[in-house]
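Enquirer: Next comes the structure file entry-v5.cif, holding mmCIF, N, CA and C atoms.
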```cif
data_start
loop_
_atom_site.label_atom_id
_atom_site.label_comp_id
_atom_site.auth_asym_id
_atom_site.auth_seq_id
_atom_site.Cartn_x
_atom_site.Cartn_y
_atom_site.Cartn_z
N MET A 1 10.55 -31.46 22.57
CA MET A 1 10.07 -30.10 22.45
C MET A 1 10.38 -29.56 21.05
N TYR A 2 9.49 -28.72 20.60
CA TYR A 2 9.68 -28.02 19.33
C TYR A 2 9.64 -26.53 19.61
N TYR A 3 10.43 -25.80 18.87
CA TYR A 3 10.54 -24.36 19.08
C TYR A 3 10.21 -23.63 17.78
N VAL A 4 9.39 -22.62 17.89
CA VAL A 4 9.17 -21.68 16.79
C VAL A 4 10.07 -20.50 17.11
N TYR A 5 10.86 -20.09 16.14
CA TYR A 5 11.82 -19.02 16.39
C TYR A 5 11.74 -17.98 15.28
N VAL A 6 12.18 -16.79 15.61
CA VAL A 6 12.29 -15.72 14.62
C VAL A 6 13.72 -15.22 14.68
N ALA A 7 14.41 -15.31 13.55
CA ALA A 7 15.77 -14.81 13.42
C ALA A 7 15.71 -13.48 12.67
N SER A 8 16.33 -12.46 13.25
CA SER A 8 16.31 -11.13 12.66
C SER A 8 17.70 -10.80 12.12
N SER A 9 17.75 -10.38 10.85
CA SER A 9 19.02 -10.00 10.24
C SER A 9 19.50 -8.69 10.83
N LEU A 10 20.78 -8.63 11.18
CA LEU A 10 21.37 -7.39 11.68
C LEU A 10 21.82 -6.50 10.53
N LYS A 11 21.85 -7.05 9.33
CA LYS A 11 22.35 -6.35 8.15
C LYS A 11 21.23 -5.72 7.32
N LEU A 12 20.16 -6.46 7.12
CA LEU A 12 19.05 -6.01 6.28
C LEU A 12 17.73 -6.17 7.02
N ASN A 13 16.67 -5.60 6.47
CA ASN A 13 15.34 -5.73 7.07
C ASN A 13 14.75 -7.09 6.65
N TYR A 14 15.10 -8.14 7.39
CA TYR A 14 14.70 -9.49 7.02
C TYR A 14 14.45 -10.30 8.29
N LEU A 15 13.32 -10.97 8.35
CA LEU A 15 12.98 -11.86 9.45
C LEU A 15 12.77 -13.26 8.89
N TYR A 16 13.31 -14.24 9.58
CA TYR A 16 13.12 -15.63 9.18
C TYR A 16 12.39 -16.35 10.30
N VAL A 17 11.27 -16.96 9.98
CA VAL A 17 10.46 -17.71 10.95
C VAL A 17 10.59 -19.19 10.64
N GLY A 18 10.86 -20.00 11.65
CA GLY A 18 11.01 -21.43 11.42
C GLY A 18 10.72 -22.26 12.66
N ILE A 19 10.85 -23.58 12.50
CA ILE A 19 10.66 -24.56 13.58
C ILE A 19 11.94 -25.36 13.70
N THR A 20 12.32 -25.66 14.92
CA THR A 20 13.47 -26.51 15.17
C THR A 20 13.32 -27.20 16.51
N ASN A 21 14.16 -28.19 16.75
CA ASN A 21 14.18 -28.81 18.07
C ASN A 21 15.40 -28.35 18.87
N TYR A 22 16.25 -27.48 18.26
CA TYR A 22 17.45 -26.99 18.93
C TYR A 22 17.80 -25.61 18.37
N VAL A 23 17.34 -24.58 19.06
CA VAL A 23 17.46 -23.20 18.56
C VAL A 23 18.91 -22.75 18.44
N VAL A 24 19.75 -23.08 19.41
CA VAL A 24 21.14 -22.62 19.40
C VAL A 24 21.87 -23.15 18.16
N ARG A 25 21.66 -24.42 17.84
CA ARG A 25 22.29 -25.00 16.65
C ARG A 25 21.81 -24.30 15.38
N ARG A 26 20.51 -24.04 15.30
CA ARG A 26 19.94 -23.41 14.11
C ARG A 26 20.52 -22.01 13.90
N MET A 27 20.62 -21.24 14.98
CA MET A 27 21.18 -19.89 14.86
C MET A 27 22.65 -19.95 14.43
N SER A 28 23.37 -20.93 14.94
CA SER A 28 24.76 -21.12 14.55
C SER A 28 24.86 -21.44 13.05
N GLU A 29 23.97 -22.28 12.57
CA GLU A 29 23.96 -22.63 11.14
C GLU A 29 23.72 -21.39 10.29
N TYR A 30 22.79 -20.54 10.71
CA TYR A 30 22.52 -19.32 9.94
C TYR A 30 23.71 -18.39 9.96
N ASN A 31 24.28 -18.16 11.12
CA ASN A 31 25.37 -17.20 11.24
C ASN A 31 26.68 -17.68 10.62
N ASN A 32 26.82 -19.00 10.43
CA ASN A 32 28.02 -19.53 9.78
C ASN A 32 27.81 -19.77 8.29
N GLY A 33 26.64 -19.42 7.75
CA GLY A 33 26.40 -19.50 6.31
C GLY A 33 26.07 -20.87 5.78
N TYR A 34 25.62 -21.79 6.64
CA TYR A 34 25.30 -23.15 6.18
C TYR A 34 23.97 -23.24 5.45
N ASN A 35 23.12 -22.24 5.59
CA ASN A 35 21.82 -22.25 4.93
C ASN A 35 21.85 -21.27 3.76
N PRO A 36 21.76 -21.77 2.50
CA PRO A 36 21.86 -20.89 1.34
C PRO A 36 20.76 -19.82 1.27
N THR A 37 19.59 -20.12 1.84
CA THR A 37 18.48 -19.17 1.81
C THR A 37 18.79 -17.93 2.65
N THR A 38 19.38 -18.14 3.79
CA THR A 38 19.61 -17.03 4.72
C THR A 38 21.03 -16.47 4.67
N GLU A 39 21.93 -17.10 3.95
CA GLU A 39 23.34 -16.69 3.92
C GLU A 39 23.54 -15.22 3.56
N PRO A 40 22.83 -14.65 2.57
CA PRO A 40 23.07 -13.24 2.23
C PRO A 40 22.63 -12.25 3.32
N TYR A 41 21.83 -12.70 4.26
CA TYR A 41 21.27 -11.80 5.27
C TYR A 41 22.00 -11.85 6.61
N ARG A 42 23.00 -12.69 6.74
CA ARG A 42 23.68 -12.82 8.02
C ARG A 42 24.51 -11.60 8.34
N PRO A 43 24.77 -11.32 9.58
CA PRO A 43 24.52 -12.08 10.79
C PRO A 43 23.08 -11.92 11.30
N PHE A 44 22.66 -12.89 12.10
CA PHE A 44 21.33 -12.92 12.68
C PHE A 44 21.39 -12.84 14.20
N LYS A 45 20.31 -12.34 14.78
CA LYS A 45 20.12 -12.45 16.23
C LYS A 45 18.77 -13.11 16.45
N LEU A 46 18.64 -13.81 17.55
CA LEU A 46 17.39 -14.45 17.88
C LEU A 46 16.44 -13.40 18.43
N MET A 47 15.32 -13.21 17.75
CA MET A 47 14.36 -12.20 18.14
C MET A 47 13.26 -12.77 19.04
N LEU A 48 12.87 -14.03 18.78
CA LEU A 48 11.77 -14.64 19.51
C LEU A 48 11.93 -16.16 19.47
N SER A 49 11.61 -16.80 20.57
CA SER A 49 11.61 -18.26 20.62
C SER A 49 10.46 -18.69 21.53
N GLU A 50 9.62 -19.59 21.03
CA GLU A 50 8.49 -20.11 21.79
C GLU A 50 8.53 -21.63 21.74
N SER A 51 8.26 -22.29 22.86
CA SER A 51 8.33 -23.76 22.91
C SER A 51 6.94 -24.38 22.89
N PHE A 52 6.87 -25.56 22.26
CA PHE A 52 5.62 -26.32 22.14
C PHE A 52 5.94 -27.79 22.34
N SER A 53 4.98 -28.51 22.89
CA SER A 53 5.22 -29.93 23.16
C SER A 53 5.01 -30.81 21.94
N THR A 54 4.23 -30.35 20.96
CA THR A 54 4.01 -31.16 19.75
C THR A 54 4.34 -30.34 18.51
N ARG A 55 4.72 -31.06 17.46
CA ARG A 55 5.04 -30.40 16.21
C ARG A 55 3.82 -29.70 15.59
N PRO A 56 2.62 -30.30 15.61
CA PRO A 56 1.46 -29.60 15.04
C PRO A 56 1.18 -28.25 15.74
N GLN A 57 1.36 -28.19 17.05
CA GLN A 57 1.18 -26.92 17.76
C GLN A 57 2.20 -25.88 17.27
N ALA A 58 3.44 -26.33 17.13
CA ALA A 58 4.50 -25.42 16.66
C ALA A 58 4.22 -24.98 15.22
N ARG A 59 3.78 -25.90 14.40
CA ARG A 59 3.48 -25.58 13.00
C ARG A 59 2.36 -24.55 12.90
N ASN A 60 1.33 -24.68 13.72
CA ASN A 60 0.24 -23.70 13.70
C ASN A 60 0.74 -22.31 14.07
N ARG A 61 1.60 -22.24 15.08
CA ARG A 61 2.16 -20.93 15.48
C ARG A 61 3.05 -20.37 14.38
N GLU A 62 3.85 -21.22 13.75
CA GLU A 62 4.71 -20.78 12.65
C GLU A 62 3.86 -20.21 11.51
N LYS A 63 2.79 -20.90 11.17
CA LYS A 63 1.90 -20.43 10.10
C LYS A 63 1.31 -19.06 10.45
N TYR A 64 0.92 -18.89 11.72
CA TYR A 64 0.39 -17.59 12.14
C TYR A 64 1.45 -16.50 11.99
N LEU A 65 2.67 -16.76 12.47
CA LEU A 65 3.71 -15.73 12.41
C LEU A 65 4.11 -15.38 10.97
N LYS A 66 3.88 -16.30 10.05
CA LYS A 66 4.18 -16.02 8.64
C LYS A 66 3.02 -15.34 7.92
N SER A 67 1.86 -15.25 8.58
CA SER A 67 0.69 -14.60 7.98
C SER A 67 0.83 -13.08 8.09
N GLY A 68 -0.07 -12.37 7.48
CA GLY A 68 -0.06 -10.90 7.54
C GLY A 68 -0.19 -10.39 8.96
N CYS A 69 -1.12 -10.94 9.72
CA CYS A 69 -1.31 -10.53 11.12
C CYS A 69 -0.07 -10.87 11.95
N GLY A 70 0.50 -12.02 11.70
CA GLY A 70 1.71 -12.43 12.42
C GLY A 70 2.89 -11.53 12.13
N LYS A 71 3.03 -11.12 10.88
CA LYS A 71 4.12 -10.21 10.52
C LYS A 71 3.95 -8.86 11.19
N GLU A 72 2.72 -8.39 11.28
CA GLU A 72 2.46 -7.13 11.98
C GLU A 72 2.83 -7.26 13.46
N TYR A 73 2.49 -8.40 14.05
CA TYR A 73 2.85 -8.66 15.45
C TYR A 73 4.38 -8.61 15.62
N LEU A 74 5.10 -9.25 14.71
CA LEU A 74 6.56 -9.28 14.81
C LEU A 74 7.16 -7.89 14.64
N LYS A 75 6.58 -7.10 13.75
CA LYS A 75 7.07 -5.73 13.58
C LYS A 75 6.89 -4.91 14.85
N SER A 76 5.82 -5.19 15.58
CA SER A 76 5.58 -4.44 16.83
C SER A 76 6.59 -4.81 17.91
N LEU A 77 7.26 -5.93 17.79
CA LEU A 77 8.25 -6.36 18.77
C LEU A 77 9.61 -5.72 18.54
N LYS A 78 9.86 -5.23 17.35
CA LYS A 78 11.18 -4.66 17.03
C LYS A 78 11.49 -3.46 17.86
#
```
Here is a file; write its structure as C-alpha cells.

Expert:
Amino acid sequence: MYYVYVASSLKLNYLYVGITNYVVRRMSEYNNGYNPTTEPYRPFKLMLSESFSTRPQARNREKYLKSGCGKEYLKSLK
C-alpha cells in the first residue's frame, strides 16, 4: 500500500504533501527533525491520509493535492 499524506505545521502556515508506505514513521521523522526541508516547521500533525494500492495512483493524487485546485481543497479542510 502507498499513502498520500498531508502534514500540517502547528507552528507556521505550512502544509507538506507526500507519499510513503508508512505514515507513522514519516510523521515521526518530521517531528524529530530528521528531514532538513521540514525541520524549521515542526511540530506537525497529520491532516489527511489516503491509501492507494499502486504507486502511480498515489502519485496522481499527490500531484493533484500539490496543484492550485488541490491546495484550495486542503485549505477548505482546515

Enquirer: Counting all atoms listed in the file, note down every residue that has an atom within 8 Å of the point (8.2, -20.1, 17.5) (file coordinates), as an NGL selection string.

Expert: :A and (2-6 or 17-20 or 48-52 or 58-59 or 61-62)

Enquirer: Rounded to one decimal place, report the CA of Leu46 in chain A-CA of Ser8 in chain A distance in Å.

Expert: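 Spanning CA of Leu46 in chain A to CA of Ser8 in chain A is a straight-line distance of 6.3 Å.
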
Enquirer: Atom N of Tyr16 in chain A and CA of Glu72 in chain A, how far apart in Å?

Expert: 13.2 Å

Enquirer: Calculate, to one decimal in Å, the centre and edge lengths of the box along x, y and z of the file that holds all listed atoms of range 9-18 of chain A with 6 Å of margin on each side, and present them as AutoDock Vina command-line options.

Expert:
```
--center_x 16.4 --center_y -13.9 --center_z 9.5 --size_x 23.9 --size_y 28.7 --size_z 18.4
```

Enquirer: Could you please write out, as a ChimeraX atom specification, every residue of chain A that DSSP assigns to alpha helix (DSSP H)?

Expert: /A:23-31,55-66,68-77

Enquirer: Rounded to one decimal in Å, what is the spacing between atom N of Ser28 in chain A and atom N of Arg42 in chain A?

Expert: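 Atom N of Arg42 in chain A lies 11.6 Å from atom N of Ser28 in chain A.
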
Enquirer: Here is a test: counting all atoms listed in the file, which residue of A:Lys66, A:Ser53, A:Phe44, A:Leu77 is nearest to Asn32 in chain A?

Expert: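 Looking at the shortest contact to Asn32 in chain A, the residue is A:Phe44.
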